[in-house]
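J.: Next comes query.pdb, PDB, C-alpha atoms and all ligand atoms:
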ATOM      1  CA  MET A  94      20.147 -41.949 -22.907  1.00  0.00           C
ATOM      2  CA  THR A  95      17.191 -39.575 -22.677  1.00  0.00           C
ATOM      3  CA  PRO A  96      16.493 -37.268 -25.640  1.00  0.00           C
ATOM      4  CA  TYR A  97      17.633 -34.124 -23.768  1.00  0.00           C
ATOM      5  CA  THR A  98      21.190 -35.214 -23.013  1.00  0.00           C
ATOM      6  CA  SER A  99      24.251 -36.239 -25.029  1.00  0.00           C
ATOM      7  CA  ALA A 100      27.101 -38.703 -24.526  1.00  0.00           C
ATOM      8  CA  LYS A 101      29.521 -35.847 -23.723  1.00  0.00           C
ATOM      9  CA  ALA A 102      27.149 -34.285 -21.172  1.00  0.00           C
ATOM     10  CA  ALA A 103      26.619 -37.635 -19.468  1.00  0.00           C
ATOM     11  CA  VAL A 104      30.196 -37.823 -18.125  1.00  0.00           C
ATOM     12  CA  PRO A 105      32.204 -35.164 -16.233  1.00  0.00           C
ATOM     13  CA  GLN A 106      34.454 -32.969 -18.371  1.00  0.00           C
ATOM     14  CA  PRO A 107      37.657 -31.207 -17.169  1.00  0.00           C
ATOM     15  CA  ALA A 108      36.646 -28.378 -14.794  1.00  0.00           C
ATOM     16  CA  ARG A 109      37.437 -24.947 -16.191  1.00  0.00           C
ATOM     17  CA  ARG A 110      39.940 -23.031 -14.021  1.00  0.00           C
ATOM     18  CA  PHE A 111      39.544 -19.315 -13.355  1.00  0.00           C
ATOM     19  CA  ASP A 112      42.641 -17.139 -13.083  1.00  0.00           C
ATOM     20  CA  ALA A 113      43.284 -14.729 -10.199  1.00  0.00           C
ATOM     21  CA  GLY A 114      41.790 -11.745 -12.072  1.00  0.00           C
ATOM     22  CA  GLU A 115      38.592 -13.621 -12.863  1.00  0.00           C
ATOM     23  CA  ARG A 116      38.269 -14.820  -9.269  1.00  0.00           C
ATOM     24  CA  GLN A 117      38.837 -11.305  -7.984  1.00  0.00           C
ATOM     25  CA  ALA A 118      36.139  -9.971 -10.329  1.00  0.00           C
ATOM     26  CA  LEU A 119      33.633 -12.365  -8.765  1.00  0.00           C
ATOM     27  CA  TYR A 120      34.563 -11.348  -5.218  1.00  0.00           C
ATOM     28  CA  ASP A 121      34.443  -7.671  -6.216  1.00  0.00           C
ATOM     29  CA  ILE A 122      30.927  -8.096  -7.585  1.00  0.00           C
ATOM     30  CA  ILE A 123      29.816  -9.937  -4.442  1.00  0.00           C
ATOM     31  CA  ASN A 124      31.227  -7.210  -2.196  1.00  0.00           C
ATOM     32  CA  ALA A 125      30.009  -4.301  -4.340  1.00  0.00           C
ATOM     33  CA  ARG A 126      26.415  -5.604  -4.483  1.00  0.00           C
ATOM     34  CA  ARG A 127      24.030  -3.371  -2.579  1.00  0.00           C
ATOM     35  CA  ASP A 128      20.344  -3.220  -1.838  1.00  0.00           C
ATOM     36  CA  VAL A 129      19.127  -0.159  -3.746  1.00  0.00           C
ATOM     37  CA  ARG A 130      16.168   1.983  -2.717  1.00  0.00           C
ATOM     38  CA  ASN A 131      16.638   5.483  -4.019  1.00  0.00           C
ATOM     39  CA  GLU A 132      19.304   5.713  -6.608  1.00  0.00           C
ATOM     40  CA  PHE A 133      17.617   4.270  -9.707  1.00  0.00           C
ATOM     41  CA  ARG A 134      17.954   5.980 -13.079  1.00  0.00           C
ATOM     42  CA  PRO A 135      14.630   6.115 -14.910  1.00  0.00           C
ATOM     43  CA  ASP A 136      15.932   4.751 -18.257  1.00  0.00           C
ATOM     44  CA  PRO A 137      14.841   1.215 -19.110  1.00  0.00           C
ATOM     45  CA  ILE A 138      17.200  -1.736 -18.700  1.00  0.00           C
ATOM     46  CA  ASP A 139      18.715  -2.828 -22.018  1.00  0.00           C
ATOM     47  CA  PRO A 140      16.684  -5.915 -23.099  1.00  0.00           C
ATOM     48  CA  ALA A 141      19.850  -7.956 -23.840  1.00  0.00           C
ATOM     49  CA  ALA A 142      21.257  -7.140 -20.383  1.00  0.00           C
ATOM     50  CA  LEU A 143      17.928  -8.032 -18.747  1.00  0.00           C
ATOM     51  CA  ARG A 144      17.959 -11.334 -20.622  1.00  0.00           C
ATOM     52  CA  ARG A 145      21.494 -12.090 -19.334  1.00  0.00           C
ATOM     53  CA  ILE A 146      20.432 -11.232 -15.782  1.00  0.00           C
ATOM     54  CA  LEU A 147      17.374 -13.502 -15.966  1.00  0.00           C
ATOM     55  CA  ALA A 148      19.455 -16.254 -17.590  1.00  0.00           C
ATOM     56  CA  ALA A 149      21.870 -16.009 -14.630  1.00  0.00           C
ATOM     57  CA  ALA A 150      18.909 -16.372 -12.257  1.00  0.00           C
ATOM     58  CA  HIS A 151      17.632 -19.346 -14.244  1.00  0.00           C
ATOM     59  CA  ALA A 152      21.088 -20.989 -13.954  1.00  0.00           C
ATOM     60  CA  ALA A 153      20.699 -21.246 -10.155  1.00  0.00           C
ATOM     61  CA  PRO A 154      20.795 -24.571  -8.346  1.00  0.00           C
ATOM     62  CA  SER A 155      17.425 -26.055  -7.430  1.00  0.00           C
ATOM     63  CA  VAL A 156      16.231 -29.039  -5.472  1.00  0.00           C
ATOM     64  CA  GLY A 157      15.791 -32.047  -7.761  1.00  0.00           C
ATOM     65  CA  PHE A 158      16.503 -29.609 -10.624  1.00  0.00           C
ATOM     66  CA  MET A 159      12.949 -28.457 -10.047  1.00  0.00           C
ATOM     67  CA  GLN A 160      13.558 -24.884 -11.318  1.00  0.00           C
ATOM     68  CA  PRO A 161      10.452 -23.770  -9.425  1.00  0.00           C
ATOM     69  CA  TRP A 162      10.881 -20.061 -10.143  1.00  0.00           C
ATOM     70  CA  ASP A 163       9.048 -17.623 -12.428  1.00  0.00           C
ATOM     71  CA  PHE A 164      10.028 -14.022 -13.067  1.00  0.00           C
ATOM     72  CA  HIS A 165       7.141 -11.583 -13.438  1.00  0.00           C
ATOM     73  CA  LEU A 166       8.200  -8.303 -15.053  1.00  0.00           C
ATOM     74  CA  ILE A 167       6.112  -5.342 -13.944  1.00  0.00           C
ATOM     75  CA  ARG A 168       6.506  -1.994 -15.696  1.00  0.00           C
ATOM     76  CA  ASP A 169       2.934  -0.685 -15.794  1.00  0.00           C
ATOM     77  CA  PRO A 170       2.771   2.490 -13.638  1.00  0.00           C
ATOM     78  CA  GLY A 171      -0.812   1.752 -12.519  1.00  0.00           C
ATOM     79  CA  ARG A 172       0.076  -1.682 -11.191  1.00  0.00           C
ATOM     80  CA  ARG A 173       3.233  -0.355  -9.549  1.00  0.00           C
ATOM     81  CA  ALA A 174       1.178   2.413  -7.894  1.00  0.00           C
ATOM     82  CA  ALA A 175      -1.130  -0.245  -6.429  1.00  0.00           C
ATOM     83  CA  VAL A 176       1.876  -2.250  -5.167  1.00  0.00           C
ATOM     84  CA  HIS A 177       3.337   0.936  -3.684  1.00  0.00           C
ATOM     85  CA  ALA A 178       0.062   1.637  -1.866  1.00  0.00           C
ATOM     86  CA  ALA A 179       0.206  -1.910  -0.430  1.00  0.00           C
ATOM     87  CA  PHE A 180       3.759  -1.203   0.739  1.00  0.00           C
ATOM     88  CA  LEU A 181       2.744   2.091   2.401  1.00  0.00           C
ATOM     89  CA  SER A 182      -0.053   0.410   4.283  1.00  0.00           C
ATOM     90  CA  ALA A 183       2.138  -2.491   5.509  1.00  0.00           C
ATOM     91  CA  ASN A 184       5.011  -0.128   6.303  1.00  0.00           C
ATOM     92  CA  ALA A 185       2.825   2.004   8.575  1.00  0.00           C
ATOM     93  CA  GLU A 186       1.956  -1.186  10.451  1.00  0.00           C
ATOM     94  CA  ALA A 187       5.635  -2.250  10.522  1.00  0.00           C
ATOM     95  CA  ALA A 188       6.779   1.054  12.039  1.00  0.00           C
ATOM     96  CA  GLU A 189       4.485   0.501  15.015  1.00  0.00           C
ATOM     97  CA  MET A 190       6.187  -2.827  15.830  1.00  0.00           C
ATOM     98  CA  PHE A 191       9.541  -1.301  16.801  1.00  0.00           C
ATOM     99  CA  GLU A 192      10.482  -0.005  20.239  1.00  0.00           C
ATOM    100  CA  GLU A 193       9.850   3.718  20.732  1.00  0.00           C
ATOM    101  CA  ASP A 194      13.524   4.736  20.302  1.00  0.00           C
ATOM    102  CA  ARG A 195      13.814   2.863  16.961  1.00  0.00           C
ATOM    103  CA  LYS A 196      10.541   4.129  15.463  1.00  0.00           C
ATOM    104  CA  ALA A 197      11.859   7.517  14.357  1.00  0.00           C
ATOM    105  CA  LEU A 198      14.956   6.010  12.760  1.00  0.00           C
ATOM    106  CA  TYR A 199      12.806   3.350  11.049  1.00  0.00           C
ATOM    107  CA  ARG A 200      10.473   5.987   9.640  1.00  0.00           C
ATOM    108  CA  SER A 201      13.468   7.927   8.264  1.00  0.00           C
ATOM    109  CA  LEU A 202      14.664   4.941   6.220  1.00  0.00           C
ATOM    110  CA  LYS A 203      13.750   4.668   2.535  1.00  0.00           C
ATOM    111  CA  LEU A 204      12.874   1.001   2.120  1.00  0.00           C
ATOM    112  CA  GLU A 205      11.727   0.668  -1.493  1.00  0.00           C
ATOM    113  CA  GLY A 206      12.012   2.094  -4.999  1.00  0.00           C
ATOM    114  CA  ILE A 207       8.808   0.649  -6.449  1.00  0.00           C
ATOM    115  CA  LEU A 208       7.865   3.781  -8.387  1.00  0.00           C
ATOM    116  CA  THR A 209      11.308   5.197  -9.169  1.00  0.00           C
ATOM    117  CA  ALA A 210      12.831   1.987 -10.549  1.00  0.00           C
ATOM    118  CA  PRO A 211      11.885   1.467 -14.230  1.00  0.00           C
ATOM    119  CA  LEU A 212      11.230  -2.244 -13.652  1.00  0.00           C
ATOM    120  CA  ASN A 213       9.833  -4.350 -10.829  1.00  0.00           C
ATOM    121  CA  ILE A 214      10.437  -8.115 -10.839  1.00  0.00           C
ATOM    122  CA  CYS A 215       8.339 -10.457  -8.750  1.00  0.00           C
ATOM    123  CA  VAL A 216      10.063 -13.822  -8.270  1.00  0.00           C
ATOM    124  CA  THR A 217       7.675 -16.635  -7.436  1.00  0.00           C
ATOM    125  CA  CYS A 218       8.006 -20.316  -6.577  1.00  0.00           C
ATOM    126  CA  ASP A 219       5.621 -22.824  -8.152  1.00  0.00           C
ATOM    127  CA  ARG A 220       5.345 -25.416  -5.410  1.00  0.00           C
ATOM    128  CA  ASN A 221       3.796 -28.016  -7.743  1.00  0.00           C
ATOM    129  CA  ARG A 222       6.306 -27.825 -10.586  1.00  0.00           C
ATOM    130  CA  GLY A 223       8.225 -31.014  -9.796  1.00  0.00           C
ATOM    131  CA  GLY A 224       5.146 -33.172  -9.242  1.00  0.00           C
ATOM    132  CA  LYS A 225       4.171 -34.780  -5.944  1.00  0.00           C
ATOM    133  CA  VAL A 226       7.594 -36.208  -4.971  1.00  0.00           C
ATOM    134  CA  VAL A 227      10.703 -34.166  -5.722  1.00  0.00           C
ATOM    135  CA  LEU A 228      14.244 -35.512  -5.372  1.00  0.00           C
ATOM    136  CA  GLY A 229      15.751 -33.766  -2.334  1.00  0.00           C
ATOM    137  CA  ARG A 230      12.483 -32.255  -1.100  1.00  0.00           C
ATOM    138  CA  THR A 231      11.092 -35.463   0.362  1.00  0.00           C
ATOM    139  CA  HIS A 232      11.588 -34.468   4.013  1.00  0.00           C
ATOM    140  CA  ASP A 233      11.616 -30.684   3.923  1.00  0.00           C
ATOM    141  CA  SER A 234       9.085 -29.055   1.658  1.00  0.00           C
ATOM    142  CA  ASN A 235      10.769 -25.655   1.973  1.00  0.00           C
ATOM    143  CA  MET A 236      13.616 -26.685  -0.324  1.00  0.00           C
ATOM    144  CA  ASP A 237      11.832 -25.276  -3.382  1.00  0.00           C
ATOM    145  CA  LEU A 238      11.628 -21.893  -1.649  1.00  0.00           C
ATOM    146  CA  TYR A 239      15.344 -22.010  -0.834  1.00  0.00           C
ATOM    147  CA  SER A 240      16.051 -22.865  -4.484  1.00  0.00           C
ATOM    148  CA  THR A 241      14.125 -19.797  -5.572  1.00  0.00           C
ATOM    149  CA  VAL A 242      16.183 -17.635  -3.212  1.00  0.00           C
ATOM    150  CA  CYS A 243      19.313 -18.998  -4.938  1.00  0.00           C
ATOM    151  CA  ALA A 244      17.873 -17.690  -8.207  1.00  0.00           C
ATOM    152  CA  VAL A 245      17.275 -14.298  -6.618  1.00  0.00           C
ATOM    153  CA  GLN A 246      20.883 -14.088  -5.470  1.00  0.00           C
ATOM    154  CA  ASN A 247      22.186 -15.013  -8.937  1.00  0.00           C
ATOM    155  CA  LEU A 248      19.931 -12.313 -10.367  1.00  0.00           C
ATOM    156  CA  TRP A 249      21.193  -9.761  -7.847  1.00  0.00           C
ATOM    157  CA  LEU A 250      24.870 -10.459  -8.582  1.00  0.00           C
ATOM    158  CA  ALA A 251      24.441 -10.565 -12.363  1.00  0.00           C
ATOM    159  CA  ALA A 252      22.548  -7.281 -12.165  1.00  0.00           C
ATOM    160  CA  ARG A 253      25.418  -5.730 -10.208  1.00  0.00           C
ATOM    161  CA  ALA A 254      27.850  -6.863 -12.894  1.00  0.00           C
ATOM    162  CA  GLU A 255      25.612  -5.196 -15.522  1.00  0.00           C
ATOM    163  CA  GLY A 256      25.421  -1.893 -13.593  1.00  0.00           C
ATOM    164  CA  VAL A 257      21.816  -2.574 -12.613  1.00  0.00           C
ATOM    165  CA  GLY A 258      20.790  -2.012  -9.008  1.00  0.00           C
ATOM    166  CA  ILE A 259      18.303  -4.285  -7.245  1.00  0.00           C
ATOM    167  CA  GLY A 260      16.225  -3.505  -4.180  1.00  0.00           C
ATOM    168  CA  TRP A 261      14.310  -6.267  -2.382  1.00  0.00           C
ATOM    169  CA  VAL A 262      11.014  -5.116  -0.886  1.00  0.00           C
ATOM    170  CA  SER A 263       9.349  -7.454   1.585  1.00  0.00           C
ATOM    171  CA  ILE A 264       7.149  -5.078   3.538  1.00  0.00           C
ATOM    172  CA  PHE A 265       3.795  -6.262   2.220  1.00  0.00           C
ATOM    173  CA  ARG A 266       0.947  -8.318   3.522  1.00  0.00           C
ATOM    174  CA  PRO A 267       1.531 -11.348   1.270  1.00  0.00           C
ATOM    175  CA  ASP A 268      -2.145 -11.611   0.314  1.00  0.00           C
ATOM    176  CA  ASP A 269      -2.168  -8.002  -0.943  1.00  0.00           C
ATOM    177  CA  LEU A 270       0.613  -8.757  -3.421  1.00  0.00           C
ATOM    178  CA  ARG A 271      -0.964 -12.055  -4.443  1.00  0.00           C
ATOM    179  CA  ARG A 272      -4.226 -10.315  -5.270  1.00  0.00           C
ATOM    180  CA  LEU A 273      -2.611  -7.366  -7.085  1.00  0.00           C
ATOM    181  CA  LEU A 274      -0.440  -9.620  -9.253  1.00  0.00           C
ATOM    182  CA  GLY A 275      -2.972 -12.420  -9.746  1.00  0.00           C
ATOM    183  CA  ILE A 276      -0.704 -15.095  -8.279  1.00  0.00           C
ATOM    184  CA  PRO A 277      -2.542 -18.422  -7.656  1.00  0.00           C
ATOM    185  CA  ASP A 278      -2.524 -20.182  -4.279  1.00  0.00           C
ATOM    186  CA  HIS A 279      -0.042 -22.954  -5.158  1.00  0.00           C
ATOM    187  CA  VAL A 280       2.556 -20.319  -6.088  1.00  0.00           C
ATOM    188  CA  GLU A 281       4.537 -18.593  -3.327  1.00  0.00           C
ATOM    189  CA  ILE A 282       5.785 -15.037  -3.727  1.00  0.00           C
ATOM    190  CA  VAL A 283       9.471 -15.159  -2.777  1.00  0.00           C
ATOM    191  CA  ALA A 284      10.821 -11.746  -3.734  1.00  0.00           C
ATOM    192  CA  TYR A 285       9.552  -8.410  -4.968  1.00  0.00           C
ATOM    193  CA  LEU A 286      12.493  -6.603  -6.559  1.00  0.00           C
ATOM    194  CA  CYS A 287      12.988  -3.077  -7.873  1.00  0.00           C
ATOM    195  CA  ALA A 288      15.493  -2.897 -10.735  1.00  0.00           C
ATOM    196  CA  GLY A 289      17.192  -0.116 -12.680  1.00  0.00           C
ATOM    197  CA  TYR A 290      20.558   1.305 -13.641  1.00  0.00           C
ATOM    198  CA  VAL A 291      22.481   3.043 -10.877  1.00  0.00           C
ATOM    199  CA  ASP A 292      25.290   5.601 -11.007  1.00  0.00           C
ATOM    200  CA  GLU A 293      25.989   5.748  -7.271  1.00  0.00           C
ATOM    201  CA  LEU A 294      25.949   3.091  -4.559  1.00  0.00           C
ATOM    202  CA  TYR A 295      26.764   2.928  -0.872  1.00  0.00           C
ATOM    203  CA  LEU A 296      30.142   1.337  -0.049  1.00  0.00           C
ATOM    204  CA  LYS A 297      28.578  -0.625   2.795  1.00  0.00           C
ATOM    205  CA  PRO A 298      24.985  -1.586   3.580  1.00  0.00           C
ATOM    206  CA  GLU A 299      22.851   1.520   3.860  1.00  0.00           C
ATOM    207  CA  LEU A 300      21.345   0.141   7.073  1.00  0.00           C
ATOM    208  CA  GLU A 301      24.859   0.106   8.539  1.00  0.00           C
ATOM    209  CA  ALA A 302      25.683   3.571   7.177  1.00  0.00           C
ATOM    210  CA  ARG A 303      22.486   4.915   8.793  1.00  0.00           C
ATOM    211  CA  GLY A 304      23.164   3.334  12.170  1.00  0.00           C
ATOM    212  CA  TRP A 305      20.486   0.633  12.084  1.00  0.00           C
ATOM    213  CA  ARG A 306      22.713  -2.410  12.437  1.00  0.00           C
ATOM    214  CA  ARG A 307      26.381  -3.391  12.026  1.00  0.00           C
ATOM    215  CA  ARG A 308      27.906  -6.227  10.034  1.00  0.00           C
ATOM    216  CA  LEU A 309      28.767  -9.140  12.327  1.00  0.00           C
ATOM    217  CA  ALA A 310      32.385 -10.268  12.521  1.00  0.00           C
ATOM    218  CA  LEU A 311      33.005 -13.220  10.219  1.00  0.00           C
ATOM    219  CA  GLU A 312      34.575 -15.121  13.130  1.00  0.00           C
ATOM    220  CA  SER A 313      31.344 -14.824  15.099  1.00  0.00           C
ATOM    221  CA  VAL A 314      29.358 -16.773  12.498  1.00  0.00           C
ATOM    222  CA  ILE A 315      31.872 -19.532  11.708  1.00  0.00           C
ATOM    223  CA  HIS A 316      31.445 -22.600  13.900  1.00  0.00           C
ATOM    224  CA  ASP A 317      34.162 -25.102  13.089  1.00  0.00           C
ATOM    225  CA  HIS A 318      32.951 -28.493  14.292  1.00  0.00           C
ATOM    226  CA  GLY A 319      36.285 -30.144  13.600  1.00  0.00           C
TER
HETATM  227  C1  LIG A 401      14.802 -11.439   2.155  1.00  0.00           C
HETATM  228  C2  LIG A 401      15.200  -9.981   2.119  1.00  0.00           C
HETATM  229  C3  LIG A 401      14.211  -9.013   2.304  1.00  0.00           C
HETATM  230  C4  LIG A 401      14.567  -7.658   2.290  1.00  0.00           C
HETATM  231  C5  LIG A 401      15.908  -7.288   2.085  1.00  0.00           C
HETATM  232  C6  LIG A 401      16.890  -8.282   1.875  1.00  0.00           C
HETATM  233  C7  LIG A 401      16.540  -9.603   1.894  1.00  0.00           C
HETATM  234  C8  LIG A 401      17.614 -10.649   1.655  1.00  0.00           C
HETATM  235  N1  LIG A 401      16.236  -5.952   2.081  1.00  0.00           N
HETATM  236  C9  LIG A 401      17.642  -5.551   1.885  1.00  0.00           C
HETATM  237  C10 LIG A 401      18.424  -5.614   3.171  1.00  0.00           C
HETATM  238  O1  LIG A 401      18.060  -4.566   4.030  1.00  0.00           O
HETATM  239  C11 LIG A 401      19.917  -5.502   2.812  1.00  0.00           C
HETATM  240  O2  LIG A 401      20.273  -6.618   2.039  1.00  0.00           O
HETATM  241  C12 LIG A 401      20.814  -5.427   4.044  1.00  0.00           C
HETATM  242  O3  LIG A 401      20.559  -4.264   4.745  1.00  0.00           O
HETATM  243  C13 LIG A 401      22.301  -5.483   3.661  1.00  0.00           C
HETATM  244  O4  LIG A 401      22.595  -4.465   2.734  1.00  0.00           O
HETATM  245  P1  LIG A 401      23.191  -4.766   1.292  1.00  0.00           P
HETATM  246  O5  LIG A 401      22.244  -5.687   0.582  1.00  0.00           O
HETATM  247  O6  LIG A 401      24.528  -5.414   1.477  1.00  0.00           O
HETATM  248  O7  LIG A 401      23.299  -3.415   0.624  1.00  0.00           O
HETATM  249  C14 LIG A 401      15.257  -4.992   2.182  1.00  0.00           C
HETATM  250  N2  LIG A 401      15.565  -3.662   2.113  1.00  0.00           N
HETATM  251  C15 LIG A 401      14.612  -2.719   2.194  1.00  0.00           C
HETATM  252  O8  LIG A 401      14.916  -1.532   2.132  1.00  0.00           O
HETATM  253  N3  LIG A 401      13.294  -3.075   2.292  1.00  0.00           N
HETATM  254  C16 LIG A 401      12.908  -4.357   2.392  1.00  0.00           C
HETATM  255  O9  LIG A 401      11.715  -4.627   2.489  1.00  0.00           O
HETATM  256  C17 LIG A 401      13.908  -5.367   2.337  1.00  0.00           C
HETATM  257  N4  LIG A 401      13.591  -6.685   2.420  1.00  0.00           N
END
Starting from the file, give its structure as structure tokens.
T.:
Amino acid sequence: MTPYTSAKAAVPQPARRFDAGERQALYDIINARRDVRNEFRPDPIDPAALRRILAAAHAAPSVGFMQPWDFHLIRDPGRRAAVHAAFLSANAEAAEMFEEDRKALYRSLKLEGILTAPLNICVTCDRNRGGKVVLGRTHDSNMDLYSTVCAVQNLWLAARAEGVGIGWVSIFRPDDLRRLLGIPDHVEIVAYLCAGYVDELYLKPELEARGWRRRLALESVIHDHG
């Protein structure tokens, strides 16, 4: 037995069952999660709540138990202003990529809350953390990135349960963010998140509410191969 495990942990224990109310609470949180851009309150996130949210992220599954993620907390207004400027520059470029009839709608969308949210969290993936050969990543090196996305989703759901809104901002030239945050080359930036308490949320995705795109029917994405 290795020093970090115990006899009890080394064998499966009876699986805890969750009653209907507990199950429903999980589904409610999943369905009530929203991407938040505008609606952040300026007050800081309670440190104990933030710790629970980050612990939920850190409990995510990861390839070979690599736990490749790091969570960079960014509060400094100067640094956030620089990140916001990088967003504005990339967003101007992004707007030009859409067909003429979509451009105006695109420009009307608020796509970040970098300055209004009291906290920004950059989630990164250290591609070297598991050493050269990682269990489960032997034939697809992207698995560490997918693991980090699992952590982001845990974070997002835990935040929703705590009354904290999260907005994912991906409209950056990756090198801009890397330079501004001092992220080394072997570390991939996976998510740049805006975080803060929210009092109001959209009932369905804001992009759907604003006529950008509809939710697909569940049946259309299930392919039962027998
Ligand atoms: C990888 C990734 C990247 C982004 C996003 C999400 C994800 C998963 N989303 C949020 C996205 O628009 C949103 O999740 C969908 O519109 C669905 O809405 P709800 O999340 O259900 O509210 C997002 N939103 C936004 O306003 N600016 C952005 O740059 C991004 N980037």
J.: Please build the interface table for chain A against ligand LIG 401 (chain A) with a cut-off of 8 Å, listing for each qualifying residue the nearest atom pair and the distance in Å to one decimal; count only C-alpha atoms and all ligand atoms, order rows by chain and increasing number, and write it as a tab-separated table.
T.:
residue	atom	partner	partner_atom	distance
A:Asn124	CA	A:LIG401	O6	7.8
A:Arg126	CA	A:LIG401	O6	6.3
A:Arg127	CA	A:LIG401	O7	3.3
A:Asp128	CA	A:LIG401	O7	3.9
A:Val129	CA	A:LIG401	O7	6.9
A:Arg130	CA	A:LIG401	O8	6.1
A:Leu202	CA	A:LIG401	O8	7.7
A:Lys203	CA	A:LIG401	O8	6.3
A:Leu204	CA	A:LIG401	O8	3.3
A:Glu205	CA	A:LIG401	O8	5.3
A:Gly260	CA	A:LIG401	N2	6.3
A:Trp261	CA	A:LIG401	C17	4.8
A:Val262	CA	A:LIG401	O9	3.5
A:Ser263	CA	A:LIG401	O9	3.8
A:Ile264	CA	A:LIG401	O9	4.7
A:Ala284	CA	A:LIG401	C1	7.1
A:Tyr295	CA	A:LIG401	O7	7.4
A:Lys297	CA	A:LIG401	O7	6.4
A:Pro298	CA	A:LIG401	O4	3.8
A:Glu299	CA	A:LIG401	O7	5.9
A:Leu300	CA	A:LIG401	O3	5.0
A:Glu301	CA	A:LIG401	O3	7.2
J.: Tell me which residues the PyMOL selection byres (((chain A and resi 156-171) around 9) and not hetatm) grabs here, as an MDAnalysis selection string.
T.: chainID A and resid 147 151:155 172:176 208 211:223 227:230 236:241 244 274 283
J.: State, in Å with one decimal place, the distance from CA of Gln246 (chain A) to CA of Pro267 (chain A).
T.: 20.7 Å
J.: In Å, how far is it from CA of Arg272 (chain A) to CA of Ile259 (chain A)?
T.: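 According to the coordinates, CA of Arg272 (chain A) and CA of Ile259 (chain A) are separated by 23.4 Å.
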J.: Residues proximal to (3.4, -1.2, 0.3) were defined as those with any atom within 9 Å of that point in the file's coordinates, counting only C-alpha atoms. Which are they, as a JSON list (two decimals) with C-alpha atoms, keeping the file's coordinate frame?
T.:
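Contents of selection-v1.json, as written:
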[["chain", "number", "residue", "atom", "x", "y", "z"],
["A", 175, "ALA", "CA", -1.13, -0.24, -6.43],
["A", 176, "VAL", "CA", 1.88, -2.25, -5.17],
["A", 177, "HIS", "CA", 3.34, 0.94, -3.68],
["A", 178, "ALA", "CA", 0.06, 1.64, -1.87],
["A", 179, "ALA", "CA", 0.21, -1.91, -0.43],
["A", 180, "PHE", "CA", 3.76, -1.20, 0.74],
["A", 181, "LEU", "CA", 2.74, 2.09, 2.40],
["A", 182, "SER", "CA", -0.05, 0.41, 4.28],
["A", 183, "ALA", "CA", 2.14, -2.49, 5.51],
["A", 184, "ASN", "CA", 5.01, -0.13, 6.30],
["A", 185, "ALA", "CA", 2.82, 2.00, 8.57],
["A", 205, "GLU", "CA", 11.73, 0.67, -1.49],
["A", 207, "ILE", "CA", 8.81, 0.65, -6.45],
["A", 262, "VAL", "CA", 11.01, -5.12, -0.89],
["A", 263, "SER", "CA", 9.35, -7.45, 1.58],
["A", 264, "ILE", "CA", 7.15, -5.08, 3.54],
["A", 265, "PHE", "CA", 3.80, -6.26, 2.22],
["A", 266, "ARG", "CA", 0.95, -8.32, 3.52],
["A", 269, "ASP", "CA", -2.17, -8.00, -0.94],
["A", 270, "LEU", "CA", 0.61, -8.76, -3.42]]
J.: From the list A:Gly319, A:Ala125, A:Ser313, A:Tyr199, which residue is nearest Glu186 (chain A) when using only C-alpha atoms?
T.: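 Nearest candidate to Glu186 (chain A) out of A:Gly319, A:Ala125, A:Ser313, A:Tyr199: A:Tyr199.
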J.: Suppose you want the space between CA of Ala188 (chain A) and CA of Tyr285 (chain A); what is it in Å?
T.: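 Atom-to-atom, CA of Ala188 (chain A) to CA of Tyr285 (chain A), that is 19.7 Å.
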J.: Using only C-alpha atoms, pick whichever of A:Glu293, A:Glu255, A:Asp278, A:Asp317 has the shortest atom-to-atom distance to Pro140 (chain A).
T.: A:Glu255
J.: Set up a box along x, y and z of the file covering all listed atoms of region 264-280 of chain A, add 6 Å on every one of the six sides, and write the centre and edge lengths in Å to one decimal, as AutoDock Vina command-line options.
T.:
--center_x 1.5 --center_y -14.0 --center_z -3.1 --size_x 23.4 --size_y 29.9 --size_z 25.3
J.: Out of A:His316, A:Ala108, A:Tyr97, A:Ala150, which residue has the shortest atom-to-atom distance to Val242 (chain A) when counting all atoms listed in the file?
T.: A:Ala150
J.: Give me, as a PyMOL selection string, all polymer residues having an atom no more than 12 Å from Leu119 (chain A), counting all atoms listed in the file and skipping those fewer than 5 positions away in the same chain.
T.: chain A and resi 111-114+124-126+247+250-251+253-254
J.: Where does the PyMOL selection byres (((chain A and resi 139) around 12) and not hetatm) land in this file, that is, which residues does it pick, as a list in words?
T.: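 So the PyMOL selection byres (((chain A and resi 139) around 12) and not hetatm) ends up selecting Asp136, Pro137, Ile138, Pro140, Ala141, Ala142, Leu143, Arg144, Arg145, Ile146, Pro211, Leu212, Ala252, Glu255, Gly256, Val257, Ala288, Gly289 and Tyr290 of chain A.
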J.: Could you check the closest approach to Ala210 (chain A) for each of A:Cys287, A:Ala118, A:Ile315, A:Ala310 and tell me which residue wins, using all atoms listed in the file?
T.: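 Once distances to Ala210 (chain A) are computed over all atoms listed in the file, the minimum belongs to A:Cys287.
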J.: Counting only C-alpha atoms, what is within 6 Å of Val291 (chain A), bar same-chain residues fewer than 5 positions away, as an NGL selection string?
T.: :A and (132-134 or 257-258)
